[in-house]
$ cat coords.cif   # mmCIF, C-alpha atoms; chains and numbers go by the auth columns
data_work
loop_
_atom_site.group_PDB
_atom_site.id
_atom_site.type_symbol
_atom_site.label_atom_id
_atom_site.label_comp_id
_atom_site.label_asym_id
_atom_site.label_seq_id
_atom_site.Cartn_x
_atom_site.Cartn_y
_atom_site.Cartn_z
_atom_site.B_iso_or_equiv
_atom_site.auth_seq_id
_atom_site.auth_asym_id
ATOM 1 C CA MET A 1 146.543 81.059 68.899 0.00 1 A
ATOM 2 C CA THR A 2 148.003 77.566 68.519 0.00 2 A
ATOM 3 C CA PRO A 3 146.760 75.205 65.772 0.00 3 A
ATOM 4 C CA VAL A 4 145.323 72.870 68.456 0.00 4 A
ATOM 5 C CA ASN A 5 143.224 75.635 70.035 0.00 5 A
ATOM 6 C CA SER A 6 142.049 76.771 66.617 0.00 6 A
ATOM 7 C CA ARG A 7 140.878 73.274 65.706 0.00 7 A
ATOM 8 C CA LEU A 8 139.130 72.918 69.106 0.00 8 A
ATOM 9 C CA ILE A 9 137.201 76.166 68.661 0.00 9 A
ATOM 10 C CA GLY A 10 136.178 75.092 65.189 0.00 10 A
ATOM 11 C CA LEU A 11 134.829 71.770 66.468 0.00 11 A
ATOM 12 C CA VAL A 12 132.799 73.472 69.212 0.00 12 A
ATOM 13 C CA ALA A 13 131.299 75.928 66.724 0.00 13 A
ATOM 14 C CA LEU A 14 130.430 73.101 64.333 0.00 14 A
ATOM 15 C CA ALA A 15 128.736 71.142 67.123 0.00 15 A
ATOM 16 C CA ALA A 16 126.645 74.171 68.086 0.00 16 A
ATOM 17 C CA LEU A 17 125.553 74.740 64.490 0.00 17 A
ATOM 18 C CA THR A 18 124.536 71.112 64.005 0.00 18 A
ATOM 19 C CA ALA A 19 122.685 70.935 67.365 0.00 19 A
ATOM 20 C CA ALA A 20 120.635 74.125 66.882 0.00 20 A
ATOM 21 C CA PRO A 21 118.514 72.856 63.966 0.00 21 A
ATOM 22 C CA ALA A 22 117.788 69.641 65.836 0.00 22 A
ATOM 23 C CA LEU A 23 116.493 71.575 68.845 0.00 23 A
ATOM 24 C CA ALA A 24 114.506 73.987 66.694 0.00 24 A
ATOM 25 C CA GLN A 25 112.818 71.106 64.850 0.00 25 A
ATOM 26 C CA THR A 26 111.382 69.581 68.068 0.00 26 A
ATOM 27 C CA PRO A 27 107.688 70.560 68.002 0.00 27 A
ATOM 28 C CA PRO A 28 105.762 71.091 71.241 0.00 28 A
ATOM 29 C CA PRO A 29 103.386 68.268 72.153 0.00 29 A
ATOM 30 C CA PRO A 30 99.795 68.748 70.977 0.00 30 A
ATOM 31 C CA ALA A 31 97.717 70.225 73.769 0.00 31 A
ATOM 32 C CA ILE A 32 94.498 72.002 74.653 0.00 32 A
ATOM 33 C CA SER A 33 94.978 75.085 76.874 0.00 33 A
ATOM 34 C CA VAL A 34 92.074 76.525 78.856 0.00 34 A
ATOM 35 C CA THR A 35 91.393 78.746 81.862 0.00 35 A
ATOM 36 C CA GLY A 36 89.243 77.566 84.746 0.00 36 A
ATOM 37 C CA GLU A 37 87.522 79.926 87.179 0.00 37 A
ATOM 38 C CA ALA A 38 85.730 79.584 90.493 0.00 38 A
ATOM 39 C CA SER A 39 84.461 81.813 93.295 0.00 39 A
ATOM 40 C CA VAL A 40 83.324 81.278 96.850 0.00 40 A
ATOM 41 C CA SER A 41 81.096 83.756 98.731 0.00 41 A
ATOM 42 C CA VAL A 42 80.785 83.712 102.509 0.00 42 A
ATOM 43 C CA PRO A 43 79.747 86.164 105.211 0.00 43 A
ATOM 44 C CA PRO A 44 82.739 87.796 106.930 0.00 44 A
ATOM 45 C CA ASP A 45 83.675 86.590 110.401 0.00 45 A
ATOM 46 C CA LEU A 46 86.265 89.266 111.176 0.00 46 A
ATOM 47 C CA ALA A 47 86.041 93.054 111.382 0.00 47 A
ATOM 48 C CA ILE A 48 88.610 95.782 112.044 0.00 48 A
ATOM 49 C CA VAL A 49 87.321 99.124 113.303 0.00 49 A
ATOM 50 C CA ASP A 50 89.626 102.153 113.188 0.00 50 A
ATOM 51 C CA GLY A 51 89.160 105.075 115.559 0.00 51 A
ATOM 52 C CA GLY A 52 90.947 107.472 117.844 0.00 52 A
ATOM 53 C CA VAL A 53 91.386 110.958 119.263 0.00 53 A
ATOM 54 C CA THR A 54 92.769 114.193 117.810 0.00 54 A
ATOM 55 C CA THR A 55 93.624 116.985 120.237 0.00 55 A
ATOM 56 C CA GLU A 56 94.687 120.591 119.555 0.00 56 A
ATOM 57 C CA ALA A 57 96.466 122.966 121.960 0.00 57 A
ATOM 58 C CA LYS A 58 98.749 125.984 121.996 0.00 58 A
ATOM 59 C CA SER A 59 101.889 124.017 122.894 0.00 59 A
ATOM 60 C CA ALA A 60 103.171 120.630 121.817 0.00 60 A
ATOM 61 C CA ARG A 61 103.241 119.442 125.432 0.00 61 A
ATOM 62 C CA GLU A 62 99.632 120.443 126.077 0.00 62 A
ATOM 63 C CA ALA A 63 98.455 118.765 122.879 0.00 63 A
ATOM 64 C CA SER A 64 100.375 115.581 123.636 0.00 64 A
ATOM 65 C CA GLU A 65 99.332 115.339 127.278 0.00 65 A
ATOM 66 C CA GLY A 66 95.688 116.119 126.481 0.00 66 A
ATOM 67 C CA ASN A 67 95.685 113.493 123.777 0.00 67 A
ATOM 68 C CA ASN A 68 97.213 110.885 126.080 0.00 68 A
ATOM 69 C CA VAL A 69 94.531 111.470 128.692 0.00 69 A
ATOM 70 C CA ALA A 70 91.687 111.341 126.145 0.00 70 A
ATOM 71 C CA MET A 71 93.046 108.238 124.415 0.00 71 A
ATOM 72 C CA GLY A 72 93.555 106.542 127.777 0.00 72 A
ATOM 73 C CA LYS A 73 89.838 106.928 128.488 0.00 73 A
ATOM 74 C CA VAL A 74 88.980 105.427 125.085 0.00 74 A
ATOM 75 C CA LEU A 75 91.234 102.406 125.651 0.00 75 A
ATOM 76 C CA GLN A 76 89.820 101.842 129.135 0.00 76 A
ATOM 77 C CA ALA A 77 86.294 101.919 127.746 0.00 77 A
ATOM 78 C CA LEU A 78 87.178 99.424 125.023 0.00 78 A
ATOM 79 C CA LYS A 79 88.753 97.023 127.503 0.00 79 A
ATOM 80 C CA ALA A 80 85.731 97.386 129.797 0.00 80 A
ATOM 81 C CA ALA A 81 83.577 96.429 126.786 0.00 81 A
ATOM 82 C CA GLY A 82 85.455 93.123 126.536 0.00 82 A
ATOM 83 C CA ILE A 83 88.134 93.901 123.932 0.00 83 A
ATOM 84 C CA ASP A 84 91.378 91.988 124.650 0.00 84 A
ATOM 85 C CA ASP A 85 94.744 93.737 124.632 0.00 85 A
ATOM 86 C CA LYS A 86 95.885 91.495 121.741 0.00 86 A
ATOM 87 C CA ASP A 87 93.071 92.891 119.592 0.00 87 A
ATOM 88 C CA LEU A 88 94.071 96.537 120.112 0.00 88 A
ATOM 89 C CA GLN A 89 96.879 97.964 117.989 0.00 89 A
ATOM 90 C CA THR A 90 98.036 101.558 117.515 0.00 90 A
ATOM 91 C CA SER A 91 97.694 102.418 113.832 0.00 91 A
ATOM 92 C CA ARG A 92 98.829 106.072 113.861 0.00 92 A
ATOM 93 C CA LEU A 93 100.547 108.373 116.342 0.00 93 A
ATOM 94 C CA SER A 94 101.470 111.920 115.343 0.00 94 A
ATOM 95 C CA LEU A 95 102.236 115.398 116.685 0.00 95 A
ATOM 96 C CA GLN A 96 102.227 118.200 114.118 0.00 96 A
ATOM 97 C CA PRO A 97 102.511 121.996 114.297 0.00 97 A
ATOM 98 C CA GLN A 98 99.622 124.076 113.015 0.00 98 A
ATOM 99 C CA TYR A 99 100.382 127.236 111.025 0.00 99 A
ATOM 100 C CA ALA A 100 98.459 130.482 110.715 0.00 100 A
ATOM 101 C CA ASN A 101 96.884 131.251 107.371 0.00 101 A
ATOM 102 C CA GLN A 102 98.699 134.283 106.023 0.00 102 A
ATOM 103 C CA ASN A 103 98.601 135.925 102.631 0.00 103 A
ATOM 104 C CA ARG A 104 101.755 137.994 102.984 0.00 104 A
ATOM 105 C CA PRO A 105 105.261 136.636 102.283 0.00 105 A
ATOM 106 C CA GLY A 106 107.424 135.621 105.201 0.00 106 A
ATOM 107 C CA PRO A 107 108.037 132.677 107.497 0.00 107 A
ATOM 108 C CA ASN A 108 105.135 130.473 108.579 0.00 108 A
ATOM 109 C CA ILE A 109 103.857 131.238 112.062 0.00 109 A
ATOM 110 C CA VAL A 110 103.127 128.318 114.395 0.00 110 A
ATOM 111 C CA VAL A 111 99.850 128.934 116.231 0.00 111 A
ATOM 112 C CA GLY A 112 99.396 125.543 117.881 0.00 112 A
ATOM 113 C CA TYR A 113 99.915 121.803 117.751 0.00 113 A
ATOM 114 C CA ARG A 114 97.745 118.844 116.847 0.00 114 A
ATOM 115 C CA ALA A 115 98.261 115.416 118.449 0.00 115 A
ATOM 116 C CA SER A 116 96.578 112.342 117.016 0.00 116 A
ATOM 117 C CA ASN A 117 96.377 108.757 118.244 0.00 117 A
ATOM 118 C CA ARG A 118 94.418 106.106 116.370 0.00 118 A
ATOM 119 C CA VAL A 119 93.873 102.466 117.223 0.00 119 A
ATOM 120 C CA SER A 120 92.739 99.449 115.192 0.00 120 A
ATOM 121 C CA ILE A 121 90.262 97.189 116.972 0.00 121 A
ATOM 122 C CA ARG A 122 90.062 93.585 115.770 0.00 122 A
ATOM 123 C CA LEU A 123 86.648 92.030 116.329 0.00 123 A
ATOM 124 C CA ARG A 124 86.253 88.274 116.040 0.00 124 A
ATOM 125 C CA ASP A 125 82.473 88.659 116.313 0.00 125 A
ATOM 126 C CA VAL A 126 81.129 90.985 113.615 0.00 126 A
ATOM 127 C CA SER A 127 77.858 91.419 115.497 0.00 127 A
ATOM 128 C CA LYS A 128 79.767 93.619 117.990 0.00 128 A
ATOM 129 C CA VAL A 129 80.742 96.268 115.413 0.00 129 A
ATOM 130 C CA ALA A 130 77.886 98.676 116.185 0.00 130 A
ATOM 131 C CA GLY A 131 78.480 98.358 119.922 0.00 131 A
ATOM 132 C CA VAL A 132 82.199 99.105 119.574 0.00 132 A
ATOM 133 C CA ILE A 133 81.438 102.212 117.509 0.00 133 A
ATOM 134 C CA ASP A 134 79.098 103.376 120.285 0.00 134 A
ATOM 135 C CA THR A 135 81.852 102.751 122.841 0.00 135 A
ATOM 136 C CA LEU A 136 84.373 104.737 120.812 0.00 136 A
ATOM 137 C CA VAL A 137 82.151 107.775 120.411 0.00 137 A
ATOM 138 C CA SER A 138 80.758 107.791 123.952 0.00 138 A
ATOM 139 C CA SER A 139 84.241 107.525 125.492 0.00 139 A
ATOM 140 C CA GLY A 140 85.561 110.566 123.632 0.00 140 A
ATOM 141 C CA ALA A 141 86.866 109.349 120.263 0.00 141 A
ATOM 142 C CA ASN A 142 86.425 112.131 117.714 0.00 142 A
ATOM 143 C CA GLU A 143 87.723 110.113 114.735 0.00 143 A
ATOM 144 C CA VAL A 144 86.150 106.902 113.461 0.00 144 A
ATOM 145 C CA GLY A 145 87.748 106.071 110.125 0.00 145 A
ATOM 146 C CA GLY A 146 85.908 103.008 108.919 0.00 146 A
ATOM 147 C CA ILE A 147 85.356 99.255 109.038 0.00 147 A
ATOM 148 C CA ASP A 148 87.264 96.521 107.247 0.00 148 A
ATOM 149 C CA PHE A 149 85.411 93.204 106.899 0.00 149 A
ATOM 150 C CA ALA A 150 87.351 90.005 106.199 0.00 150 A
ATOM 151 C CA VAL A 151 87.255 86.230 106.438 0.00 151 A
ATOM 152 C CA ALA A 152 89.646 84.663 108.930 0.00 152 A
ATOM 153 C CA ALA A 153 89.877 81.173 107.367 0.00 153 A
ATOM 154 C CA ALA A 154 90.567 82.407 103.834 0.00 154 A
ATOM 155 C CA SER A 155 93.151 79.692 103.033 0.00 155 A
ATOM 156 C CA LYS A 156 90.630 76.853 103.339 0.00 156 A
ATOM 157 C CA LEU A 157 88.167 78.702 101.126 0.00 157 A
ATOM 158 C CA LEU A 158 90.909 79.339 98.567 0.00 158 A
ATOM 159 C CA ASP A 159 91.722 75.635 98.439 0.00 159 A
ATOM 160 C CA ASP A 160 88.062 74.802 97.794 0.00 160 A
ATOM 161 C CA ALA A 161 87.967 77.418 95.028 0.00 161 A
ATOM 162 C CA ARG A 162 91.146 75.950 93.471 0.00 162 A
ATOM 163 C CA ASP A 163 89.516 72.493 93.279 0.00 163 A
ATOM 164 C CA GLN A 164 86.497 74.014 91.587 0.00 164 A
ATOM 165 C CA ALA A 165 88.637 76.091 89.195 0.00 165 A
ATOM 166 C CA PHE A 166 90.596 73.035 88.062 0.00 166 A
ATOM 167 C CA ALA A 167 87.368 71.078 87.571 0.00 167 A
ATOM 168 C CA ASP A 168 86.072 73.971 85.455 0.00 168 A
ATOM 169 C CA ALA A 169 89.241 73.902 83.353 0.00 169 A
ATOM 170 C CA ARG A 170 88.926 70.149 82.730 0.00 170 A
ATOM 171 C CA ARG A 171 85.254 70.529 81.794 0.00 171 A
ATOM 172 C CA LYS A 172 86.120 73.154 79.169 0.00 172 A
ATOM 173 C CA ALA A 173 89.026 71.111 77.811 0.00 173 A
ATOM 174 C CA GLU A 174 86.814 68.030 77.430 0.00 174 A
ATOM 175 C CA ILE A 175 84.309 70.069 75.428 0.00 175 A
ATOM 176 C CA TYR A 176 87.064 71.241 73.047 0.00 176 A
ATOM 177 C CA ALA A 177 88.497 67.728 72.776 0.00 177 A
ATOM 178 C CA ARG A 178 85.097 66.270 71.943 0.00 178 A
ATOM 179 C CA SER A 179 84.457 68.952 69.332 0.00 179 A
ATOM 180 C CA ALA A 180 87.865 68.342 67.758 0.00 180 A
ATOM 181 C CA GLY A 181 87.430 64.572 67.752 0.00 181 A
ATOM 182 C CA VAL A 182 90.451 63.895 69.987 0.00 182 A
ATOM 183 C CA THR A 183 90.999 62.346 73.403 0.00 183 A
ATOM 184 C CA LEU A 184 92.086 64.431 76.358 0.00 184 A
ATOM 185 C CA GLY A 185 95.237 63.369 78.162 0.00 185 A
ATOM 186 C CA ALA A 186 97.020 64.308 81.382 0.00 186 A
ATOM 187 C CA PRO A 187 97.763 67.922 82.360 0.00 187 A
ATOM 188 C CA LEU A 188 101.058 69.220 80.952 0.00 188 A
ATOM 189 C CA SER A 189 101.135 72.473 82.950 0.00 189 A
ATOM 190 C CA ILE A 190 99.083 74.137 85.667 0.00 190 A
ATOM 191 C CA SER A 191 99.480 77.777 86.677 0.00 191 A
ATOM 192 C CA GLU A 192 97.412 80.063 88.848 0.00 192 A
ATOM 193 C CA GLU A 193 96.713 83.299 87.011 0.00 193 A
ATOM 194 C CA SER A 194 97.277 85.469 90.072 0.00 194 A
ATOM 195 C CA ALA A 195 98.173 84.103 93.452 0.00 195 A
ATOM 196 C CA PRO A 196 95.435 85.219 95.844 0.00 196 A
ATOM 197 C CA GLY A 197 96.612 87.212 98.840 0.00 197 A
ATOM 198 C CA PRO A 198 94.734 87.790 102.065 0.00 198 A
ATOM 199 C CA MET A 199 91.000 87.919 101.878 0.00 199 A
ATOM 200 C CA PRO A 200 90.007 91.172 100.136 0.00 200 A
ATOM 201 C CA MET A 201 88.584 93.662 102.566 0.00 201 A
ATOM 202 C CA ARG A 202 85.608 95.908 101.945 0.00 202 A
ATOM 203 C CA LYS A 203 85.956 99.307 103.612 0.00 203 A
ATOM 204 C CA MET A 204 82.946 101.310 104.712 0.00 204 A
ATOM 205 C CA MET A 205 83.549 104.898 105.766 0.00 205 A
ATOM 206 C CA LEU A 206 81.729 106.140 108.844 0.00 206 A
ATOM 207 C CA ASP A 207 80.791 109.472 110.317 0.00 207 A
ATOM 208 C CA ARG A 208 80.791 110.217 114.017 0.00 208 A
ATOM 209 C CA ALA A 209 77.172 109.214 114.573 0.00 209 A
ATOM 210 C CA ALA A 210 76.698 106.537 117.203 0.00 210 A
ATOM 211 C CA SER A 211 74.378 103.527 116.796 0.00 211 A
ATOM 212 C CA ALA A 212 74.956 103.505 113.031 0.00 212 A
ATOM 213 C CA PRO A 213 73.467 100.406 111.328 0.00 213 A
ATOM 214 C CA VAL A 214 76.154 98.107 109.939 0.00 214 A
ATOM 215 C CA ALA A 215 75.543 95.761 106.984 0.00 215 A
ATOM 216 C CA GLN A 216 78.285 93.143 106.693 0.00 216 A
ATOM 217 C CA GLY A 217 77.141 91.527 103.444 0.00 217 A
ATOM 218 C CA GLU A 218 79.349 88.801 101.921 0.00 218 A
ATOM 219 C CA GLU A 219 82.954 88.523 100.805 0.00 219 A
ATOM 220 C CA THR A 220 83.745 86.845 97.462 0.00 220 A
ATOM 221 C CA LEU A 221 87.024 85.061 96.768 0.00 221 A
ATOM 222 C CA ARG A 222 87.953 84.214 93.165 0.00 222 A
ATOM 223 C CA VAL A 223 90.570 81.887 91.678 0.00 223 A
ATOM 224 C CA SER A 224 91.644 81.550 88.041 0.00 224 A
ATOM 225 C CA VAL A 225 93.898 78.721 86.801 0.00 225 A
ATOM 226 C CA SER A 226 95.416 78.045 83.364 0.00 226 A
ATOM 227 C CA VAL A 227 95.834 74.381 82.428 0.00 227 A
ATOM 228 C CA SER A 228 97.305 72.742 79.323 0.00 228 A
ATOM 229 C CA PHE A 229 96.060 69.178 78.712 0.00 229 A
ATOM 230 C CA ALA A 230 97.887 66.787 76.438 0.00 230 A
ATOM 231 C CA ILE A 231 96.069 65.303 73.465 0.00 231 A
ATOM 232 C CA LYS A 232 96.399 61.534 73.453 0.00 232 A
ATOM 233 C CA GLN A 233 97.927 60.131 70.330 0.00 233 A
ATOM 234 C CA PRO A 234 95.811 57.468 68.601 0.00 234 A
ATOM 235 C CA THR A 235 96.986 53.900 69.180 0.00 235 A
ATOM 236 C CA PRO A 236 98.532 52.460 66.004 0.00 236 A
#

$ encode --input "coords.cif" --output "structure tokens"
Amino acid sequence: MTPVNSRLIGLVALAALTAAPALAQTPPPPAISVTGEASVSVPPDLAIVDGGVTTEAKSAREASEGNNVAMGKVLQALKAAGIDDKDLQTSRLSLQPQYANQNRPGPNIVVGYRASNRVSIRLRDVSKVAGVIDTLVSSGANEVGGIDFAVAAASKLLDDARDQAFADARRKAEIYARSAGVTLGAPLSISEESAPGPMPMRKMMLDRAASAPVAQGEETLRVSVSVSFAIKQPTP
């Protein structure tokens, strides 16, 4: 290493050592940190009903063809009941072998096949849920998995809850500032505790009984925000 490089490295190291204490001695600004919370409860305006047909037969072809025919009748009945194509979506499609129960060692014996086809039905009018369940069962569906209730315009409700959560945070901070004998300043940082995703859904399992009463209840959306407010320095 040349003498010039050695002196350069020494100067850089000295600068780092002298700068570190200066940075470490910079205290954070005085602040009051609080968490604000808010919730909004509304009746759901969207429902998703899951149902379909399971068919068993000796051969894979028989199971598949029988299932296609049965599911075709279910889809026709749903469309006749006023369900648009855009609100029907296949959620599961399967064809699986069925094995004999045997207690002796040896290879599994295939005794038949099971074909399953399930569809999700999006309802933009939750009052039609009971009627759609009746349509499913009466048209031949032998599987009705459940109902998911949701709120379509969740983003607008979240924004309202955020306003309320921030107002709650400021209210708490003002109480602490008053108790401490200081004056509250501007927010230094704002962070949402957990970013809300789509509107939480409440699932209700169903049996195969038609005309089942359906209680939609309400959906609750919650927001939590952490805010740090500066403490104003007294005027000299």

$ resolve_selection --input "coords.cif" --expression "the PyMOL selection byres ((chain A and resi 30) around 8)" --output "PyMOL selection string"
chain A and resi 28-29+31-32+230-231

$ residues_around --input "coords.cif" --residues "Ser94 in chain A" --least-positions-apart "3" --cutoff "12 Å" --atoms "only C-alpha atoms" --output "list in words"
Gly52, Val53, Thr54, Thr55, Glu56, Ala60, Ala63, Ser64, Asn67, Asn68, Thr90, Ser91, Pro97, Tyr113, Arg114, Ala115, Ser116, Asn117 and Arg118 of chain A

$ resolve_selection --input "coords.cif" --expression "the PyMOL selection byres ((chain A and resi 140-144) around 7)" --output "MDAnalysis selection string"
chainID A and resid 50:54 70 74 136:139 145:146 206:208

$ atom_distance --input "coords.cif" --atom1 "CA of Ser120 in chain A" --atom2 "CA of Ile147 in chain A"
9.6 Å

$ closest_residue --input "coords.cif" --among "A:Ile109, A:Val42, A:Leu93, A:Ala180" --to "Thr220 in chain A" --atoms "all atoms listed in the file"
A:Val42

$ resolve_selection --input "coords.cif" --expression "the PyMOL selection byres ((chain A and resi 125) around 10)" --output "ChimeraX atom specification"
/A:44-47,122-124,126-129

$ closest_residue --input "coords.cif" --among "A:Val223, A:Leu158, A:Met71, A:Ala169" --to "Glu192 in chain A" --atoms "all atoms listed in the file"
A:Val223

$ atom_distance --input "coords.cif" --atom1 "CA of Asp160 in chain A" --atom2 "CA of Ile121 in chain A"
29.6 Å

$ atom_distance --input "coords.cif" --atom1 "CA of Arg171 in chain A" --atom2 "CA of Val34 in chain A"
9.5 Å

$ closest_residue --input "coords.cif" --among "A:Asn101, A:Leu221, A:Arg92, A:Ser191" --to "Ala153 in chain A" --atoms "all atoms listed in the file"
A:Leu221

$ closest_residue --input "coords.cif" --among "A:Tyr99, A:Gly36, A:Glu219, A:Thr135" --to "Leu157 in chain A" --atoms "only C-alpha atoms"
A:Glu219

$ closest_residue --input "coords.cif" --among "A:Val132, A:Val40, A:Ala152, A:Ile175" --to "Ala80 in chain A" --atoms "all atoms listed in the file"
A:Val132
